[in-house]
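Structure file upload05.pdb (PDB, C-alpha atoms) is printed below.
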MODEL        1
ATOM      1  CA  MET A 152     129.065-127.992  73.195
ATOM      2  CA  GLY A 153     128.537-124.258  72.662
ATOM      3  CA  ASN A 154     132.009-123.509  74.031
ATOM      4  CA  LEU A 155     133.572-126.147  71.734
ATOM      5  CA  ASN A 156     131.886-124.606  68.703
ATOM      6  CA  TYR A 157     133.108-121.176  69.772
ATOM      7  CA  PHE A 158     136.725-122.289  70.226
ATOM      8  CA  GLY A 159     136.577-124.265  66.967
ATOM      9  CA  SER A 160     135.420-121.196  65.058
ATOM     10  CA  LEU A 161     138.086-119.099  66.785
ATOM     11  CA  LEU A 162     140.838-121.540  65.744
ATOM     12  CA  VAL A 163     139.607-121.474  62.137
ATOM     13  CA  LEU A 164     139.759-117.671  62.147
ATOM     14  CA  ILE A 165     143.287-117.699  63.655
ATOM     15  CA  PHE A 166     144.586-120.151  61.030
ATOM     16  CA  PHE A 167     142.908-118.123  58.267
ATOM     17  CA  PHE A 168     144.540-114.930  59.562
ATOM     18  CA  ILE A 169     147.987-116.589  59.750
ATOM     19  CA  SER A 170     147.705-117.987  56.219
ATOM     20  CA  CYS A 171     146.673-114.566  54.907
ATOM     21  CA  GLN A 172     149.666-112.965  56.613
ATOM     22  CA  LYS A 173     152.002-115.530  55.026
ATOM     23  CA  GLU A 174     150.510-114.850  51.589
ATOM     24  CA  LYS A 175     151.123-111.127  52.071
ATOM     25  CA  GLN A 176     154.774-111.812  52.856
ATOM     26  CA  ILE A 177     155.376-113.594  49.535
ATOM     27  CA  PRO A 178     156.696-110.973  47.070
ATOM     28  CA  ASP A 179     154.813-110.603  43.797
ATOM     29  CA  PHE A 180     157.849-111.132  41.555
ATOM     30  CA  LYS A 181     157.761-111.096  37.770
ATOM     31  CA  LEU A 182     160.362-112.515  35.427
ATOM     32  CA  PRO A 183     162.449-110.029  33.418
ATOM     33  CA  LYS A 184     160.960-109.101  30.050
ATOM     34  CA  ASN A 185     162.345-110.725  26.920
ATOM     35  CA  GLU A 186     163.478-107.322  25.648
ATOM     36  CA  GLU A 187     165.569-106.847  28.784
ATOM     37  CA  VAL A 188     167.287-110.208  28.402
ATOM     38  CA  ASN A 189     168.030-109.473  24.735
ATOM     39  CA  ALA A 190     169.451-106.059  25.645
ATOM     40  CA  ILE A 191     171.820-107.616  28.206
ATOM     41  CA  ILE A 192     173.119-110.225  25.736
ATOM     42  CA  LYS A 193     173.541-107.488  23.100
ATOM     43  CA  ALA A 194     175.591-105.457  25.575
ATOM     44  CA  LEU A 195     177.759-108.503  26.245
ATOM     45  CA  ILE A 196     178.341-109.108  22.522
ATOM     46  CA  ASN A 197     179.092-105.466  21.684
ATOM     47  CA  SER A 198     181.167-104.513  24.720
ATOM     48  CA  ASP A 199     184.681-103.271  23.897
ATOM     49  CA  ARG A 200     185.818-104.753  27.213
ATOM     50  CA  LEU A 201     185.196-108.325  26.068
ATOM     51  CA  GLU A 202     186.776-110.353  23.291
ATOM     52  CA  ILE A 203     183.688-110.713  21.084
ATOM     53  CA  ALA A 204     183.326-107.128  19.793
ATOM     54  CA  PRO A 205     186.641-107.010  17.813
ATOM     55  CA  PHE A 206     185.369-109.871  15.623
ATOM     56  CA  LEU A 207     182.101-108.146  14.715
ATOM     57  CA  GLY A 208     181.745-106.761  11.199
ATOM     58  CA  LYS A 209     184.008-109.393   9.676
ATOM     59  CA  LYS A 210     183.044-111.201   6.467
ATOM     60  CA  LYS A 211     182.497-114.450   8.398
ATOM     61  CA  LYS A 212     180.290-113.780  11.390
ATOM     62  CA  ILE A 213     181.063-115.327  14.746
ATOM     63  CA  SER A 214     178.585-117.969  15.893
ATOM     64  CA  PHE A 215     176.415-117.655  18.983
ATOM     65  CA  CYS A 216     174.124-120.320  20.444
ATOM     66  CA  GLU A 217     170.412-119.466  20.328
ATOM     67  CA  ASP A 218     169.714-121.295  23.590
ATOM     68  CA  LEU A 219     170.701-119.367  26.699
ATOM     69  CA  GLN A 220     171.563-121.900  29.377
ATOM     70  CA  LYS A 221     170.028-121.808  32.817
ATOM     71  CA  LEU A 222     172.429-120.624  35.500
ATOM     72  CA  ARG A 223     171.887-122.945  38.447
ATOM     73  CA  ILE A 224     172.052-121.161  41.779
ATOM     74  CA  ASP A 225     173.580-123.183  44.620
ATOM     75  CA  HIS A 226     174.247-122.462  48.296
ATOM     76  CA  VAL A 227     177.269-122.934  50.492
ATOM     77  CA  GLU A 228     176.749-126.070  52.539
ATOM     78  CA  LYS A 229     176.419-125.501  56.266
ATOM     79  CA  ASN A 230     179.644-125.866  58.258
ATOM     80  CA  LYS A 231     181.662-126.405  55.054
ATOM     81  CA  LEU A 232     184.139-124.186  53.278
ATOM     82  CA  PRO A 233     182.686-122.643  50.101
ATOM     83  CA  LYS A 234     183.744-124.307  46.875
ATOM     84  CA  LYS A 235     184.184-122.415  43.631
ATOM     85  CA  ALA A 236     181.193-122.857  41.339
ATOM     86  CA  GLU A 237     181.971-123.727  37.728
ATOM     87  CA  GLY A 238     180.159-124.024  34.428
ATOM     88  CA  GLU A 239     176.475-123.113  34.435
ATOM     89  CA  SER A 240     176.265-122.819  38.229
ATOM     90  CA  GLU A 241     176.991-120.134  40.800
ATOM     91  CA  LEU A 242     176.996-119.875  44.583
ATOM     92  CA  ILE A 243     174.503-117.221  45.607
ATOM     93  CA  GLU A 244     176.718-116.183  48.515
ATOM     94  CA  PHE A 245     179.383-114.981  46.071
ATOM     95  CA  LEU A 246     176.766-112.720  44.517
ATOM     96  CA  ILE A 247     174.919-111.317  47.538
ATOM     97  CA  GLY A 248     177.535-111.668  50.285
ATOM     98  CA  PHE A 249     178.732-113.633  53.283
ATOM     99  CA  PRO A 250     178.144-112.710  56.949
ATOM    100  CA  ASP A 251     180.795-110.450  58.489
ATOM    101  CA  ILE A 252     182.124-109.338  55.084
ATOM    102  CA  PRO A 253     181.338-105.740  53.995
ATOM    103  CA  LYS A 254     178.425-105.696  51.539
ATOM    104  CA  GLU A 255     180.399-103.371  49.248
ATOM    105  CA  LYS A 256     182.538-106.371  48.285
ATOM    106  CA  PHE A 257     179.618-108.020  46.472
ATOM    107  CA  PHE A 258     177.821-107.082  43.266
ATOM    108  CA  PHE A 259     174.246-107.779  44.395
ATOM    109  CA  SER A 260     172.705-106.992  47.775
ATOM    110  CA  LYS A 261     171.055-109.376  50.223
ATOM    111  CA  SER A 262     167.691-107.821  49.299
ATOM    112  CA  ASP A 263     168.132-109.393  45.829
ATOM    113  CA  SER A 264     168.324-112.889  47.298
ATOM    114  CA  LEU A 265     164.654-113.894  46.991
ATOM    115  CA  TYR A 266     164.373-112.460  43.492
ATOM    116  CA  ILE A 267     167.482-114.337  42.358
ATOM    117  CA  GLU A 268     165.990-117.541  43.771
ATOM    118  CA  PHE A 269     162.710-116.767  41.977
ATOM    119  CA  GLN A 270     164.480-116.328  38.634
ATOM    120  CA  ASN A 271     166.468-119.513  39.184
ATOM    121  CA  LYS A 272     163.290-121.484  39.836
ATOM    122  CA  ASN A 273     161.082-120.045  37.096
ATOM    123  CA  PHE A 274     163.381-118.936  34.252
ATOM    124  CA  SER A 275     164.529-122.263  32.790
ATOM    125  CA  THR A 276     164.650-121.651  29.018
ATOM    126  CA  PHE A 277     165.260-118.709  26.703
ATOM    127  CA  LYS A 278     166.048-118.487  22.985
ATOM    128  CA  ILE A 279     167.549-115.512  21.208
ATOM    129  CA  SER A 280     166.488-114.838  17.623
ATOM    130  CA  GLN A 281     168.557-114.078  14.535
ATOM    131  CA  ASN A 282     166.202-111.162  13.850
ATOM    132  CA  ASP A 283     167.352-109.485  17.066
ATOM    133  CA  PHE A 284     171.079-110.268  16.669
ATOM    134  CA  ASN A 285     172.198-109.428  13.151
ATOM    135  CA  GLU A 286     175.805-108.848  14.261
ATOM    136  CA  VAL A 287     176.357-112.572  14.942
ATOM    137  CA  ASP A 288     175.297-115.863  13.363
ATOM    138  CA  ILE A 289     172.687-117.474  15.619
ATOM    139  CA  LYS A 290     172.677-121.270  15.485
ATOM    140  CA  SER A 291     170.872-124.090  17.262
ATOM    141  CA  VAL A 292     172.549-126.646  19.509
ATOM    142  CA  GLN A 293     172.050-129.299  16.831
ATOM    143  CA  GLU A 294     173.832-127.173  14.225
ATOM    144  CA  PHE A 295     176.811-126.822  16.561
ATOM    145  CA  ARG A 296     176.826-130.586  17.166
ATOM    146  CA  ASN A 297     176.971-131.100  13.423
ATOM    147  CA  ASP A 298     179.962-128.734  13.241
ATOM    148  CA  ILE A 299     181.695-130.579  16.061
ATOM    149  CA  ASN A 300     181.205-133.911  14.289
ATOM    150  CA  LYS A 301     183.093-132.546  11.269
ATOM    151  CA  LYS A 302     186.403-133.249  12.961
ATOM    152  CA  ALA A 303     188.508-132.136  10.003
ATOM    153  CA  GLU A 304     187.159-128.575  10.187
ATOM    154  CA  TYR A 305     187.913-125.900  12.755
ATOM    155  CA  PHE A 306     184.913-124.558  14.632
ATOM    156  CA  ASN A 307     184.214-122.066  17.394
ATOM    157  CA  PHE A 308     181.089-120.606  18.939
ATOM    158  CA  TYR A 309     179.890-118.725  21.995
ATOM    159  CA  HIS A 310     177.061-119.429  24.355
ATOM    160  CA  ALA A 311     175.750-117.533  27.378
ATOM    161  CA  THR A 312     173.593-118.140  30.425
ATOM    162  CA  ILE A 313     170.211-116.567  31.096
ATOM    163  CA  PRO A 314     171.052-113.302  32.911
ATOM    164  CA  ILE A 315     170.435-112.951  36.630
ATOM    165  CA  ILE A 316     168.960-109.489  37.263
ATOM    166  CA  SER A 317     168.720-107.482  40.494
ATOM    167  CA  LEU A 318     165.385-106.616  42.083
ATOM    168  CA  ASP A 319     165.670-102.960  41.017
ATOM    169  CA  GLY A 320     166.496-103.994  37.437
ATOM    170  CA  LYS A 321     169.795-102.093  37.398
ATOM    171  CA  LYS A 322     172.344-104.909  37.707
ATOM    172  CA  ALA A 323     172.833-108.161  35.798
ATOM    173  CA  TYR A 324     175.173-111.136  35.893
ATOM    174  CA  VAL A 325     175.950-113.500  33.015
ATOM    175  CA  LYS A 326     178.394-116.282  32.275
ATOM    176  CA  TYR A 327     179.532-116.858  28.718
ATOM    177  CA  THR A 328     181.775-119.441  27.124
ATOM    178  CA  LEU A 329     183.891-119.762  23.995
ATOM    179  CA  ASN A 330     183.871-123.323  22.654
ATOM    180  CA  CYS A 331     186.345-124.320  19.948
ATOM    181  CA  SER A 332     188.079-127.295  18.346
ATOM    182  CA  GLY A 333     191.524-126.173  19.516
ATOM    183  CA  LEU A 334     193.003-125.138  22.858
ATOM    184  CA  CYS A 335     191.250-121.784  22.815
ATOM    185  CA  GLY A 336     188.179-122.353  24.983
ATOM    186  CA  ALA A 337     187.440-120.031  27.893
ATOM    187  CA  GLY A 338     184.697-119.144  30.347
ATOM    188  CA  TYR A 339     183.910-115.689  31.723
ATOM    189  CA  ARG A 340     181.880-114.053  34.471
ATOM    190  CA  VAL A 341     180.363-110.749  33.341
ATOM    191  CA  TYR A 342     178.792-108.020  35.499
ATOM    192  CA  LEU A 343     176.606-105.363  33.909
ATOM    193  CA  GLU A 344     174.830-102.222  35.083
ATOM    194  CA  LYS A 345     172.043-100.228  33.487
ATOM    195  CA  LYS A 346     173.195 -96.648  32.976
ATOM    196  CA  LYS A 347     170.994 -94.008  31.337
ATOM    197  CA  GLY A 348     168.748 -96.765  30.010
ATOM    198  CA  ASN A 349     171.544 -98.847  28.467
ATOM    199  CA  TRP A 350     173.254-101.989  29.744
ATOM    200  CA  VAL A 351     177.020-101.634  30.157
ATOM    201  CA  VAL A 352     179.682-104.190  31.124
ATOM    202  CA  VAL A 353     181.288-102.809  34.289
ATOM    203  CA  LYS A 354     183.620-105.704  35.080
ATOM    204  CA  TYR A 355     184.410-109.266  34.111
ATOM    205  CA  SER A 356     186.725-112.086  35.101
ATOM    206  CA  GLU A 357     188.060-115.192  33.423
ATOM    207  CA  GLU A 358     186.649-118.296  35.100
ATOM    208  CA  TRP A 359     188.650-120.909  33.207
ATOM    209  CA  VAL A 360     190.769-121.311  30.078
ATOM    210  CA  SER A 361     191.895-124.333  28.027
TER     211      SER A 361
ENDMDL
END

Would you put the structure from the file into structure tokens?
Amino acid sequence: MGNLNYFGSLLVLIFFFISCQKEKQIPDFKLPKNEEVNAIIKALINSDRLEIAPFLGKKKKISFCEDLQKLRIDHVEKNKLPKKAEGESELIEFLIGFPDIPKEKFFFSKSDSLYIEFQNKNFSTFKISQNDFNEVDIKSVQEFRNDINKKAEYFNFYHATIPIISLDGKKAYVKYTLNCSGLCGAGYRVYLEKKKGNWVVVKYSEEWVS
């Protein structure tokens, strides 16, 4: 009986040690600050490389949706060819890299993988405020729906996804979309870097156009 008690206590200690080791391996991630998200969206709006900036300062302000949409992160299915992600989704492999392809070809590094997953799981909603974005007219989703229902009138507005940010806080990825009542809609992928404390658009690509 004494030996059984000894081995039982030993097993409890082993399991406790293993669980503690696992807890130590879980990174203590924190979501990006609101100010950082706002700064990234501001950089997107004001960048001379994108189509929004030329319309700033006009008498009628361009409209921007207050709700940033969650960018769903998917994975390439095992033993299947990767499919192009569209809309508010993205394949993480296209951001951090595929095996046997030089890492320089991808914007984020594999070390960002867990943090990207963390953001995708925990950052589900974000609203931007008119007080922080005086250069554009911030509207709610319902206001845009009301505009859309006025079929006789032309409308257009932009909306963006919640930025995905690298672990070191120096890179960000956003998708943004132009919605309109004519054949002028388009979707873009935007890559930003933080240089000397400011977010800058370093490259972008057109994802789709109507």

Between CA of Ile313 (chain A) and CA of Leu222 (chain A), what is the spacing in Å?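 Between CA of Leu222 (chain A) and CA of Ile313 (chain A) the gap works out to 6.4 Å.
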
What's the separation between CA of Lys261 (chain A) and CA of Ile243 (chain A), in Å to one decimal place?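 Interatomic distance, CA of Lys261 (chain A) to CA of Ile243 (chain A): 9.7 Å.
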
Name the residues that the PyMOL selection byres ((chain A and resi 327) around 8) pulls out of this structure, and write them as a list in words.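 What the PyMOL selection byres ((chain A and resi 327) around 8) grabs from the file is Tyr309, His310, Ala311, Thr312, Val325, Lys326, Thr328, Leu329, Gly338, Tyr339, Arg340 and Val341 of chain A.
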
Would you please work out which residue, of A:Lys354, A:Lys278, A:Lys290, A:Lys345, is nearest to Ser317 (chain A) when using all atoms listed in the file?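 Of all the options, A:Lys345 lies closest to Ser317 (chain A).
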
So that I can check the surroundings of region 283-286 of chain A, please list as a VMD selection string every protein, DNA and RNA residue that reaches within 10 Å of it, counting all atoms listed in the file and ignoring chain neighbours fewer than 4 positions away. chain A and resid 186 189 to 190 192 to 193 196 to 197 204 206 to 209 212 to 215 217 279

I need the output of the PyMOL selection byres ((chain A and resi 248) around 12) for this file as an MDAnalysis selection string; which residues are they? chainID A and resid 226:227 242:247 249:264

For the structure shown, which residues end up in the PyMOL selection byres ((chain A and resi 324) around 7)? Put them as number ranges by chain, please? A: 314-316, 323, 325, 341-343

Which one is closest to Ile203 (chain A): A:Cys335, A:Val188, A:Val287, A:Leu318? Count all atoms listed in the file.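 Comparing A:Cys335, A:Val188, A:Val287, A:Leu318 against Ile203 (chain A), the winner is A:Val287.
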
How big is the axis-aligned box, and where does its centre sit, when it encloses all atoms of region 278-294 of chain A listed in the file and has 4 Å added on every side, reported in Å to one decimal as AutoDock Vina command-line options?
--center_x 171.2 --center_y -119.1 --center_z 18.1 --size_x 18.3 --size_y 28.5 --size_z 17.8

Quick one: distance from CA of Ile299 (chain A) to CA of Ser332 (chain A) in Å, one decimal?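 About the pair CA of Ile299 (chain A) and CA of Ser332 (chain A): they are 7.5 Å apart.
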
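Residue nearest Leu265 (chain A), chosen from A:Glu358, A:Lys181, A:Gln293, A:Glu344 and counting only C-alpha atoms: A:Lys181.
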
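With only C-alpha atoms as the atoms that count, the minimum distance from Phe308 (chain A) to the choices A:Ile267, A:Leu195, A:Cys216, A:Ala337 is reached by A:Cys216.
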
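Distance annotation: of A:Gln270, A:Asn307, A:Asn349, A:Ser361, the residue with the minimal separation from Glu187 (chain A) is A:Asn349; atom set is all atoms listed in the file.
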
For Glu268 (chain A), which of A:Arg296, A:Trp359, A:Leu182, A:Asn330 is the closest residue, counting all atoms listed in the file? A:Leu182
